[in-house]
Amino acid sequence: MIDEILLQVEKPGRYIGNEINMVSKNPSDVDIRFAFCFPDVYEVGMSHIGLQILYFFFNRRNDTYCERVFAPWTDMEELMRKHNIPLFALETGDSINKFDFVGFTLQYEMSYSNIINMLNLAGISIWSKDRTEDEPIIIAGGPCAYNPEPLADIIDIFYIGEGEVNYDEFLDIYKQYKKQGKSKKEFFERAAKIEGIYIPCFYDVEYKENGEIKEFKRNNINAPKKIKKVIVKELNNVFYPDKQLVPLIETVHDRVTLEVFRGCIRGCRFCQAGYIYRPVREKHSERLINDAKSLVKYSGHEEISLSSLSTGDYREFKELSQGLLEEFSKKNVNIALPSLRIDAFTLELMKKVQEVRKSSLTFAPEAGTQRLRDVINKGITEKEILDGCRLAFEGGWSRVKLYFMVGLPTETEDDLAGIAKLSTKVIEEYYSIPKEKRSKSICVVLSSSCFVPKPFTPFQWEPQDTYEQFLKKQKFVKANLEKKQVKYNYHEVQLSSMEGVLARGDRKVAKAIVKAWELGAKFDGWNEHFKYDIWTKAFEDTGLSMEFYANRKRSYDEILPWDHISIGISKQFFIKEMEKAKKGEITLNCRTECANCGAKCFEGGVCYEVQN
Amino acid sequence: MKYRIKFSKFGKMRFIGHLDLLNLFQRAIKRADIPISYSKGFNPHQLISFAIPLPIGMNGYGEYADLNIKDEIEPEYIIKKLNNVMPEGICIINARILDNNEKNCAAALCAADYETDLNYIKKDFNKTIESILFQKEINLEKKGRKKVRIVDIRPLIYDIKVSDTENRKLKFLIATGSKENLKPDLLLEYICKLLDVEYIPYKVNISRNELYRNENNKFVNLFL
Ligand code: SF4
């Protein structure tokens with residue numbers, strides 16, 4: 001039956017497993033079966049480095065079999081429902097509704113409807129309170145778990161932080177409790193004592209009449225008052241797989257990925273990743289080169305990419321890039337460079353690894369004026385951008401990409417006009433170079449996305465622009481463009497508006513998510529599937545206001561839905577940053593001067609580097 | 001030095017398309033550390049070429065590819081090394097050195113042997129199958145991008161016979177390659193039309209068992 005179905009769907013290779021380096025175990029030989037679910041299509045999930053790391057991390061345990069599950073594409077889902085085939089794991093093809101754990105990685109808010117859909121396809125109860133002892137425990141982690149509340153009534157357990165730290169302890173305890181025949185509740189009470197574990201049913205929320213949170217209270221003494229994220233102190237000693245799963249079909253990224261460091265020293269005020277992963281912890285270049293050797297050997301990939309937030313800040317960047325080039329350039333393995341600060345060294349490096357004629361240079365000023373760049377603490381100046389462009393044009397490059405955001409706090413028409421002006425200046429810079437010294441042509445690609453205020457950033461209290469405001473601003477930027485060599489791309493407004501609602505949602509929002517799913521929402525991250533109307537109707541039907549979550553200014557003393565989660569950075573620091581933002585004052589990066597954000601409490605990383 | 005390998009692709013691997021198979025071979029060759037030659041230019045690629053794509057869903061038991069290898073190595077070594085790193089469902093059956101004057105497998109290819117069942121139709125089909133070789137011409141409509149053409153597929157059918165009456169299996173040898181080519185689907189659709197049943201592609205299990213070249217008007221498999 002399954003073969004006949006596979007012959008009727010687009011890309012059956014998504015559903016067959018059998019990849020290179022897939023782990024095969026006999027399920028009857030293990031104590032714990034774990035379904036690692038990525039709530040998006042196979043090609044996206046398989047390109048995700050976190051999945052690759054945790055897959056091998058779990059499977060290094062003899063008592064655990066971790067298998068993968070992805071969201072089946074709509075054609076496959078239709079046939080599965082028609083033929084009553086429940087959601088299955090790729091390794092064994094077994095249905096996941098009898099597994100011990102079903103774990104979701106929360107990478108972006110717009111995958112929430114897929115989580116509901118996958119639970120339903122697996123035949124698992126959607127609401128945590130309805131789940132029986134026979135059903136799997138639903139667990140979730142990843143960046144969106146830092147505001148767990150929109151899914152708090154659906155997920156049983158959230159793991160806040162980096163998986164390598166406490167999953168061993170967690171699974172050891174589970175195994176012991178399972179052997180002793182203990183109930184889920186008994187296990188939850190014990191698990192709540194592990195650092196980083198958040199079990200929503202042990203907390204109650206009361207609301208004020210205006211919808212804000214009145215009180216967030218424990219109802220079980222085994223649960224901690226605050227849940228503090230867990231992070232790896234010393235990345236050099238931590239597990240990293242020596243091989244990677246190599247898909248049999250083309251995915252988004254088919255390459256070896258090296259994780260150079262975690263965290264970011266920059267502190268851009270709009271960037272959630274820049275705060276939740278603090279402090280910066282680096283790996284040594286020798287270790288990375290060794291990892292690369294083994295990963296290339298066991299995967300057969302012909303490209304290595306460096307994955308980190310701002311890879312150019314890596315202190316051993318020269319050693320690493322030169323070491324990789326030395327090792328791999330003769331072996332037909334390419335190095336994919338991340339976007340770097342453009343200077344003589346990086347340009348030289350780029351010439352070595354990519355074809356100048358075909359590649360483009362990327363800058364992310366994010367805002368159109370220096371004033372607004374100071375507000376968001378984006379430490380890049382117009383002069384740096386123009387100097388970088390000049391070097392690039394002289395080096396033969398002819399395509400420049402510029403990334404901006406619209407809807408940033410304090411933004412005025414001046415700032416929006418500045419976006420267009422900056423693109424004009426880039427073109428003027430090109431024409432100021434003598435003809436024989438510059439590249440043959442010039443093209444500037446301007447992209448703007450819509451700002452989404454996120455939890456755990458200084459802008460977490462700020463209202464997001466409404467849909468109409470975004471549209472007006474995009475039009476305004478477009479109207480201000482002067483040069484025909486500029487191409488303007490802008491981001492889907494409705495998607496960002498929806499993301500803005502879910503990102504700062506509270507527990508009430510779960511109702512709307514489930515409602516949206518009932519109305520047909522799925523694959524919301526995909527333009528072809530996302531339907532804004534469904535979501536507005538879902539919020540209406542459940543009596544919730546989207547504006548309340550997205551477009552409302554919150555006061556500093558309001559209890560925020562994620563206040564019981566601690567990322568090590570104090571609320572006081574975020575308030576200070578917000579106040580500095582309003583005045584256009586910048587905060588220096590961690591390596592230049594520590595801003596005392598609080599992340600020192602993790603006792604490692606950049607906070608303890610010898611300052612030079 | 002040029003080598004020809006014969007391989008099979010079956011089971012789960014029949015759901016993998018041709019471009020993905022090419023990538024899979026390239027990575028396997030890297031993992032196996034076989035000294036493959038690369039093309040020149042800024043984006044060099046491995047010198048490997050396949051005889052003809054195998055459609056998704058079909059099993060292949062006599063598939064071919066030619067490799068350009070820097071050194072002279074034992075064919076046995078290539079077989080062993082590659083089989084060590086291949087996923088289940090890809091198996092290197094044989095390998096040999098190609099003579100300088102031999103055509104590559106794609107250019108040499110002229111026919112292929114298929115076997116399939118038509119079990120879902122639940123009808124007696126022996127007579128219908130046997131009648132095909134007695135026809136002088138079989139004119140079918142072939143939809144092109146703009147207009148519909150009439151083609152006579154009879155000359156492209158070299159042999160066809162029932163191989164298992166009980167399970168409704170048949171075998172056929174048809175023109176395959178860049179010069180003349182008949183898609184097995186087209187033939188099966190025609191047979192179903194004769195039998196007055198609908199052709200449902202996902203209900204049949206097709207295997208391609210061997211690929212041939214023409215040597216003095218005889219079909220010789222690409223390995224020989
Ligand atoms: S404590 Fe200082 S060095 Fe450490 S992450 Fe915070 S700002 Fe950076």
# chains A, B, ... in the order shown; residues from 1 in each chain; ligands from 1
$ select_by_dssp --residues "segment 366-491 of chain A" --states "helix (DSSP H, G or I)" --output "MDAnalysis selection string"
chainID A and resid 370:375 382:394 413:431 435:437 467:480
$ residues_near_ligand --ligand "ligand 1" --cutoff "6 Å" --atoms "only C-alpha atoms and all ligand atoms" --output "ChimeraX atom specification"
/A:278-279,590,594-600,606-607
$ interface_residues --of "chain A" --to "chain B" --cutoff "8 Å" --atoms "only C-alpha atoms" --output "ChimeraX atom specification"
/A:4-8,11-13,16,18-20,248-250,296-302,332,355
$ residues_around --residues "Leu222 of chain B" --least-positions-apart "4" --cutoff "8 Å" --atoms "only C-alpha atoms" --output "VMD selection string"
chain B and resid 64 105 108 to 109 211 to 213
$ atom_distance --atom1 "atom CA of Lys9 of chain B" --atom2 "atom CA of Asp75 of chain A"
25.4 Å
$ residues_around --residues "segment 552-554 of chain A" --least-positions-apart "4" --cutoff "7 Å" --atoms "only C-alpha atoms" --output "number ranges by chain"
A: 461-463, 547-548, 558
$ write_last_selection --atoms "all heavy atoms" --output "mmCIF file, in the first residue's frame"
data_model
loop_
_atom_site.group_PDB
_atom_site.id
_atom_site.type_symbol
_atom_site.label_atom_id
_atom_site.label_comp_id
_atom_site.auth_asym_id
_atom_site.auth_seq_id
_atom_site.Cartn_x
_atom_site.Cartn_y
_atom_site.Cartn_z
ATOM 1 N N TRP A 461 8.674 45.356 24.350
ATOM 2 C CA TRP A 461 7.481 46.104 24.790
ATOM 3 C C TRP A 461 6.858 46.913 23.657
ATOM 4 O O TRP A 461 5.815 47.521 23.827
ATOM 5 C CB TRP A 461 7.863 47.067 25.926
ATOM 6 C CG TRP A 461 8.327 46.383 27.169
ATOM 7 C CD1 TRP A 461 7.529 45.828 28.135
ATOM 8 C CD2 TRP A 461 9.679 46.186 27.603
ATOM 9 N NE1 TRP A 461 8.310 45.280 29.121
ATOM 10 C CE2 TRP A 461 9.632 45.487 28.840
ATOM 11 C CE3 TRP A 461 10.933 46.512 27.063
ATOM 12 C CZ2 TRP A 461 10.786 45.113 29.544
ATOM 13 C CZ3 TRP A 461 12.074 46.147 27.765
ATOM 14 C CH2 TRP A 461 11.998 45.450 28.988
ATOM 15 N N GLU A 462 7.534 46.968 22.526
ATOM 16 C CA GLU A 462 7.148 47.894 21.451
ATOM 17 C C GLU A 462 5.980 47.378 20.612
ATOM 18 O O GLU A 462 5.862 46.183 20.370
ATOM 19 C CB GLU A 462 8.350 48.121 20.523
ATOM 20 C CG GLU A 462 9.431 48.967 21.131
ATOM 21 C CD GLU A 462 8.942 50.359 21.483
ATOM 22 O OE1 GLU A 462 8.634 51.121 20.559
ATOM 23 O OE2 GLU A 462 8.861 50.683 22.691
ATOM 24 N N PRO A 463 5.141 48.293 20.153
ATOM 25 C CA PRO A 463 4.078 47.871 19.228
ATOM 26 C C PRO A 463 4.663 47.563 17.847
ATOM 27 O O PRO A 463 5.604 48.218 17.422
ATOM 28 C CB PRO A 463 3.165 49.098 19.150
ATOM 29 C CG PRO A 463 4.040 50.258 19.514
ATOM 30 C CD PRO A 463 5.089 49.739 20.457
ATOM 31 N N GLU A 547 -4.505 42.582 17.586
ATOM 32 C CA GLU A 547 -3.858 43.862 17.918
ATOM 33 C C GLU A 547 -3.303 43.829 19.347
ATOM 34 O O GLU A 547 -2.250 44.390 19.632
ATOM 35 C CB GLU A 547 -4.843 45.036 17.799
ATOM 36 C CG GLU A 547 -5.361 45.301 16.404
ATOM 37 C CD GLU A 547 -6.377 44.268 15.946
ATOM 38 O OE1 GLU A 547 -7.222 43.832 16.759
ATOM 39 O OE2 GLU A 547 -6.312 43.845 14.769
ATOM 40 N N PHE A 548 -4.035 43.175 20.226
ATOM 41 C CA PHE A 548 -3.606 43.088 21.627
ATOM 42 C C PHE A 548 -2.194 42.510 21.711
ATOM 43 O O PHE A 548 -1.374 42.953 22.507
ATOM 44 C CB PHE A 548 -4.597 42.218 22.403
ATOM 45 C CG PHE A 548 -4.194 41.963 23.827
ATOM 46 C CD1 PHE A 548 -4.444 42.906 24.823
ATOM 47 C CD2 PHE A 548 -3.550 40.789 24.187
ATOM 48 C CE1 PHE A 548 -4.078 42.679 26.139
ATOM 49 C CE2 PHE A 548 -3.164 40.548 25.501
ATOM 50 C CZ PHE A 548 -3.435 41.502 26.476
ATOM 51 N N GLU A 558 4.289 45.553 33.196
ATOM 52 C CA GLU A 558 3.356 44.482 32.833
ATOM 53 C C GLU A 558 4.054 43.120 32.974
ATOM 54 O O GLU A 558 5.244 42.972 32.659
ATOM 55 C CB GLU A 558 2.879 44.677 31.383
ATOM 56 C CG GLU A 558 1.913 43.595 30.919
ATOM 57 C CD GLU A 558 1.360 43.834 29.508
ATOM 58 O OE1 GLU A 558 1.344 44.989 29.038
ATOM 59 O OE2 GLU A 558 0.965 42.833 28.872
#
$ select_by_dssp --residues "segment 430-579 of chain A" --states "strand (DSSP E)" --output "PyMOL selection string"
chain A and resi 443-450+486-490+565-566
$ write_last_selection --atoms "C-alpha atoms" --output "mmCIF file, in the first residue's frame"
data_model
loop_
_atom_site.group_PDB
_atom_site.id
_atom_site.type_symbol
_atom_site.label_atom_id
_atom_site.label_comp_id
_atom_site.auth_asym_id
_atom_site.auth_seq_id
_atom_site.Cartn_x
_atom_site.Cartn_y
_atom_site.Cartn_z
ATOM 1 C CA CYS A 443 23.179 46.002 -9.903
ATOM 2 C CA VAL A 444 21.903 46.732 -6.405
ATOM 3 C CA VAL A 445 19.294 44.437 -4.928
ATOM 4 C CA LEU A 446 17.448 46.078 -2.073
ATOM 5 C CA SER A 447 15.370 43.921 0.243
ATOM 6 C CA SER A 448 13.212 45.035 3.089
ATOM 7 C CA SER A 449 11.548 42.851 5.651
ATOM 8 C CA CYS A 450 8.975 43.843 8.259
ATOM 9 C CA VAL A 486 18.173 49.202 -8.124
ATOM 10 C CA LYS A 487 15.873 46.220 -7.764
ATOM 11 C CA TYR A 488 13.539 46.350 -4.782
ATOM 12 C CA ASN A 489 12.222 43.169 -3.131
ATOM 13 C CA TYR A 490 9.933 43.297 -0.177
ATOM 14 C CA ILE A 565 11.760 31.940 31.685
ATOM 15 C CA SER A 566 15.251 33.196 32.405
#
$ residues_around --residues "segment 92-101 of chain B" --least-positions-apart "2" --cutoff "12 Å" --atoms "only C-alpha atoms" --output "CSV table (one decimal) with N, CA, C and O atoms, in the first residue's frame"
chain,number,residue,atom,x,y,z
B,1,MET,N,41.8,6.9,-17.4
B,1,MET,CA,41.3,5.5,-17.7
B,1,MET,C,39.8,5.5,-17.5
B,1,MET,O,39.3,6.0,-16.5
B,2,LYS,N,39.1,4.9,-18.5
B,2,LYS,CA,37.7,4.9,-18.4
B,2,LYS,C,37.2,3.5,-18.0
B,2,LYS,O,37.7,2.5,-18.4
B,3,TYR,N,36.2,3.5,-17.2
B,3,TYR,CA,35.6,2.3,-16.6
B,3,TYR,C,34.1,2.3,-16.9
B,3,TYR,O,33.4,3.4,-16.9
B,4,ARG,N,33.5,1.1,-17.0
B,4,ARG,CA,32.1,1.0,-17.1
B,4,ARG,C,31.6,0.2,-15.9
B,4,ARG,O,32.2,-0.9,-15.6
B,5,ILE,N,30.6,0.7,-15.2
B,5,ILE,CA,30.1,-0.1,-14.1
B,5,ILE,C,28.6,-0.5,-14.4
B,5,ILE,O,27.9,0.3,-15.1
B,6,LYS,N,28.3,-1.7,-14.0
B,6,LYS,CA,26.9,-2.1,-14.1
B,6,LYS,C,26.3,-2.2,-12.7
B,6,LYS,O,27.0,-2.6,-11.8
B,7,PHE,N,25.1,-1.6,-12.5
B,7,PHE,CA,24.6,-1.6,-11.1
B,7,PHE,C,23.1,-1.8,-11.1
B,7,PHE,O,22.4,-1.7,-12.2
B,8,SER,N,22.5,-2.0,-10.0
B,8,SER,CA,21.1,-2.2,-9.8
B,8,SER,C,20.6,-1.1,-8.9
B,8,SER,O,21.3,-0.6,-8.0
B,9,LYS,N,19.3,-0.8,-9.1
B,9,LYS,CA,18.7,0.3,-8.3
B,9,LYS,C,17.3,-0.2,-8.0
B,9,LYS,O,16.5,-0.4,-8.9
B,10,PHE,N,17.0,-0.5,-6.7
B,10,PHE,CA,15.7,-1.2,-6.5
B,10,PHE,C,15.2,-0.9,-5.0
B,10,PHE,O,15.9,-0.2,-4.3
B,25,PHE,N,25.8,9.2,-6.5
B,25,PHE,CA,27.0,8.6,-7.0
B,25,PHE,C,28.2,9.4,-6.7
B,25,PHE,O,29.3,9.0,-6.3
B,28,ALA,N,29.1,9.2,-3.2
B,28,ALA,CA,29.6,7.8,-2.9
B,28,ALA,C,31.1,7.7,-3.3
B,28,ALA,O,31.9,7.2,-2.6
B,60,GLY,N,15.7,-1.1,-11.5
B,60,GLY,CA,16.6,-1.3,-12.6
B,60,GLY,C,17.6,-2.4,-12.1
B,60,GLY,O,18.3,-2.2,-11.0
B,61,TYR,N,17.8,-3.4,-12.9
B,61,TYR,CA,18.7,-4.5,-12.5
B,61,TYR,C,19.9,-4.6,-13.5
B,61,TYR,O,20.8,-5.4,-13.2
B,62,GLY,N,19.9,-3.8,-14.5
B,62,GLY,CA,21.0,-3.7,-15.4
B,62,GLY,C,21.3,-2.3,-15.9
B,62,GLY,O,21.1,-2.0,-17.0
B,63,GLU,N,21.6,-1.5,-14.9
B,63,GLU,CA,21.9,0.0,-15.2
B,63,GLU,C,23.4,0.2,-15.4
B,63,GLU,O,24.2,-0.6,-14.9
B,64,TYR,N,23.7,1.2,-16.2
B,64,TYR,CA,25.1,1.4,-16.5
B,64,TYR,C,25.6,2.9,-16.3
B,64,TYR,O,24.8,3.8,-16.5
B,65,ALA,N,26.9,3.0,-16.0
B,65,ALA,CA,27.5,4.3,-15.9
B,65,ALA,C,28.9,4.2,-16.3
B,65,ALA,O,29.6,3.1,-16.1
B,66,ASP,N,29.5,5.2,-16.9
B,66,ASP,CA,30.9,5.3,-17.3
B,66,ASP,C,31.6,6.3,-16.4
B,66,ASP,O,31.1,7.4,-16.1
B,67,LEU,N,32.8,5.9,-15.8
B,67,LEU,CA,33.6,6.8,-15.0
B,67,LEU,C,34.9,7.0,-15.6
B,67,LEU,O,35.5,6.1,-16.2
B,68,ASN,N,35.4,8.3,-15.4
B,68,ASN,CA,36.8,8.6,-15.8
B,68,ASN,C,37.6,8.6,-14.5
B,68,ASN,O,37.4,9.4,-13.6
B,69,ILE,N,38.6,7.7,-14.5
B,69,ILE,CA,39.4,7.6,-13.2
B,69,ILE,C,40.9,8.0,-13.5
B,69,ILE,O,41.4,7.6,-14.6
B,71,ASP,N,43.8,7.1,-12.1
B,71,ASP,CA,44.8,6.0,-12.1
B,71,ASP,C,44.2,4.8,-12.7
B,71,ASP,O,43.0,4.7,-12.8
B,72,GLU,N,45.0,3.8,-12.9
B,72,GLU,CA,44.5,2.5,-13.3
B,72,GLU,C,44.3,1.7,-12.0
B,72,GLU,O,45.3,1.5,-11.3
B,73,ILE,N,43.1,1.3,-11.7
B,73,ILE,CA,42.8,0.5,-10.6
B,73,ILE,C,42.0,-0.7,-10.9
B,73,ILE,O,41.4,-0.7,-12.0
B,74,GLU,N,42.1,-1.7,-10.1
B,74,GLU,CA,41.4,-3.0,-10.4
B,74,GLU,C,39.9,-2.8,-10.4
B,74,GLU,O,39.4,-2.2,-9.4
B,75,PRO,N,39.2,-3.2,-11.4
B,75,PRO,CA,37.8,-3.1,-11.4
B,75,PRO,C,37.1,-3.7,-10.1
B,75,PRO,O,36.2,-3.1,-9.5
B,76,GLU,N,37.7,-4.8,-9.6
B,76,GLU,CA,37.2,-5.4,-8.4
B,76,GLU,C,37.2,-4.4,-7.2
B,76,GLU,O,36.3,-4.5,-6.4
B,77,TYR,N,38.3,-3.6,-7.2
B,77,TYR,CA,38.5,-2.7,-6.1
B,77,TYR,C,37.4,-1.6,-6.1
B,77,TYR,O,36.8,-1.2,-5.1
B,78,ILE,N,37.0,-1.2,-7.4
B,78,ILE,CA,36.0,-0.2,-7.5
B,78,ILE,C,34.6,-0.8,-7.0
B,78,ILE,O,33.9,-0.1,-6.2
B,79,ILE,N,34.4,-2.0,-7.4
B,79,ILE,CA,33.1,-2.6,-7.0
B,79,ILE,C,33.0,-2.7,-5.4
B,79,ILE,O,32.0,-2.3,-4.8
B,80,LYS,N,34.1,-3.2,-4.8
B,80,LYS,CA,34.1,-3.3,-3.4
B,80,LYS,C,34.0,-2.0,-2.7
B,80,LYS,O,33.2,-1.8,-1.8
B,81,LYS,N,34.8,-1.0,-3.1
B,81,LYS,CA,34.8,0.3,-2.4
B,81,LYS,C,33.5,1.0,-2.5
B,81,LYS,O,33.0,1.5,-1.5
B,82,LEU,N,32.9,0.9,-3.7
B,82,LEU,CA,31.6,1.6,-3.9
B,82,LEU,C,30.5,0.9,-3.1
B,82,LEU,O,29.7,1.5,-2.4
B,83,ASN,N,30.5,-0.4,-3.1
B,83,ASN,CA,29.4,-1.1,-2.4
B,83,ASN,C,29.5,-0.9,-0.9
B,83,ASN,O,28.4,-0.9,-0.2
B,84,ASN,N,30.7,-0.6,-0.4
B,84,ASN,CA,30.8,-0.3,1.0
B,84,ASN,C,30.1,0.9,1.4
B,84,ASN,O,29.7,1.1,2.6
B,85,VAL,N,29.9,1.9,0.5
B,85,VAL,CA,29.4,3.2,0.9
B,85,VAL,C,28.0,3.5,0.3
B,85,VAL,O,27.5,4.6,0.5
B,86,MET,N,27.5,2.5,-0.4
B,86,MET,CA,26.2,2.7,-1.0
B,86,MET,C,25.0,2.4,-0.1
B,86,MET,O,25.1,1.6,0.8
B,87,PRO,N,23.9,3.2,-0.2
B,87,PRO,CA,22.8,2.9,0.6
B,87,PRO,C,22.1,1.6,0.1
B,87,PRO,O,22.4,1.1,-1.0
B,88,GLU,N,21.3,1.0,1.0
B,88,GLU,CA,20.6,-0.2,0.6
B,88,GLU,C,19.7,0.1,-0.7
B,88,GLU,O,19.0,1.1,-0.7
B,89,GLY,N,19.8,-0.8,-1.7
B,89,GLY,CA,19.0,-0.5,-2.9
B,89,GLY,C,19.8,-0.1,-4.0
B,89,GLY,O,19.3,0.1,-5.1
B,90,ILE,N,21.1,0.2,-3.8
B,90,ILE,CA,22.1,0.4,-4.9
B,90,ILE,C,23.2,-0.6,-4.8
B,90,ILE,O,23.8,-0.7,-3.7
B,103,LYS,N,32.4,3.4,-27.6
B,103,LYS,CA,31.5,4.5,-27.4
B,103,LYS,C,31.1,4.5,-25.9
B,103,LYS,O,31.1,3.4,-25.3
B,104,ASN,N,30.7,5.7,-25.4
B,104,ASN,CA,30.2,5.7,-24.0
B,104,ASN,C,28.9,5.0,-24.0
B,104,ASN,O,28.2,4.8,-25.0
B,105,CYS,N,28.4,4.7,-22.8
B,105,CYS,CA,27.2,3.9,-22.6
B,105,CYS,C,26.0,4.5,-23.2
B,105,CYS,O,25.1,3.9,-23.8
B,108,ALA,N,26.1,4.2,-27.0
B,108,ALA,CA,26.0,2.9,-27.5
B,108,ALA,C,24.6,2.3,-27.4
B,108,ALA,O,24.2,1.4,-28.1
B,222,LEU,N,25.4,-4.0,-22.5
B,222,LEU,CA,26.4,-3.0,-22.5
B,222,LEU,C,27.6,-3.4,-21.7
B,222,LEU,O,28.6,-2.7,-21.8
B,223,PHE,N,27.5,-4.4,-21.0
B,223,PHE,CA,28.7,-4.8,-20.2
B,223,PHE,C,29.7,-5.5,-21.1
B,223,PHE,O,30.9,-5.4,-20.9
B,224,LEU,N,29.2,-6.3,-22.1
B,224,LEU,CA,30.1,-7.1,-22.9
B,224,LEU,C,30.9,-6.3,-23.9
B,224,LEU,O,30.5,-5.3,-24.3
$ atom_distance --atom1 "atom CA of Glu166 of chain B" --atom2 "atom CA of Arg154 of chain B"
26.5 Å
$ closest_residue --among "B:Arg208, B:Arg149, B:Lys179, B:Lys171" --to "Ala107 of chain B" --atoms "only C-alpha atoms"
B:Lys179
$ residues_around --residues "Val230 of chain A" --least-positions-apart "4" --cutoff "12 Å" --atoms "only C-alpha atoms" --output "PyMOL selection string"
chain A and resi 141+146+159-167+194-198+276-279+565-568+599+601-603
$ atom_distance --atom1 "atom CA of Leu79 of chain A" --atom2 "atom CA of Asn26 of chain A"
28.3 Å
$ decode --residues "segment 167-172 of chain A" --atoms "all heavy atoms" --output "short mmCIF file (atom, residue, chain, number, x, y, z; two decimals), in the first residue's frame"
data_model
loop_
_atom_site.label_atom_id
_atom_site.label_comp_id
_atom_site.auth_asym_id
_atom_site.auth_seq_id
_atom_site.Cartn_x
_atom_site.Cartn_y
_atom_site.Cartn_z
N TYR A 167 19.86 16.48 28.47
CA TYR A 167 19.02 15.41 27.93
C TYR A 167 19.42 14.03 28.46
O TYR A 167 18.58 13.16 28.64
CB TYR A 167 19.00 15.42 26.40
CG TYR A 167 17.74 16.07 25.85
CD1 TYR A 167 17.82 17.10 24.92
CD2 TYR A 167 16.48 15.64 26.26
CE1 TYR A 167 16.66 17.71 24.43
CE2 TYR A 167 15.31 16.25 25.77
CZ TYR A 167 15.41 17.27 24.86
OH TYR A 167 14.28 17.87 24.38
N ASP A 168 20.71 13.84 28.73
CA ASP A 168 21.13 12.54 29.26
C ASP A 168 20.47 12.27 30.61
O ASP A 168 19.89 11.21 30.83
CB ASP A 168 22.66 12.46 29.37
CG ASP A 168 23.29 12.04 28.05
OD1 ASP A 168 22.59 11.38 27.25
OD2 ASP A 168 24.46 12.38 27.81
N GLU A 169 20.56 13.25 31.48
CA GLU A 169 19.95 13.10 32.80
C GLU A 169 18.44 12.87 32.68
O GLU A 169 17.87 11.99 33.31
CB GLU A 169 20.23 14.36 33.64
CG GLU A 169 19.73 14.27 35.07
CD GLU A 169 19.81 15.60 35.82
OE1 GLU A 169 20.43 16.55 35.30
OE2 GLU A 169 19.23 15.69 36.91
N PHE A 170 17.84 13.67 31.82
CA PHE A 170 16.40 13.59 31.59
C PHE A 170 15.99 12.18 31.15
O PHE A 170 15.05 11.59 31.69
CB PHE A 170 16.04 14.63 30.52
CG PHE A 170 14.59 14.69 30.14
CD1 PHE A 170 13.69 15.44 30.89
CD2 PHE A 170 14.13 14.00 29.04
CE1 PHE A 170 12.34 15.50 30.53
CE2 PHE A 170 12.78 14.05 28.67
CZ PHE A 170 11.89 14.80 29.42
N LEU A 171 16.71 11.63 30.19
CA LEU A 171 16.35 10.31 29.67
C LEU A 171 16.67 9.20 30.68
O LEU A 171 15.93 8.22 30.78
CB LEU A 171 17.07 10.05 28.33
CG LEU A 171 16.61 10.96 27.17
CD1 LEU A 171 17.46 10.71 25.92
CD2 LEU A 171 15.13 10.76 26.85
N ASP A 172 17.76 9.37 31.42
CA ASP A 172 18.09 8.38 32.46
C ASP A 172 16.95 8.27 33.47
O ASP A 172 16.53 7.17 33.85
CB ASP A 172 19.37 8.78 33.21
CG ASP A 172 20.62 8.58 32.37
OD1 ASP A 172 20.52 7.85 31.34
OD2 ASP A 172 21.68 9.15 32.71
#
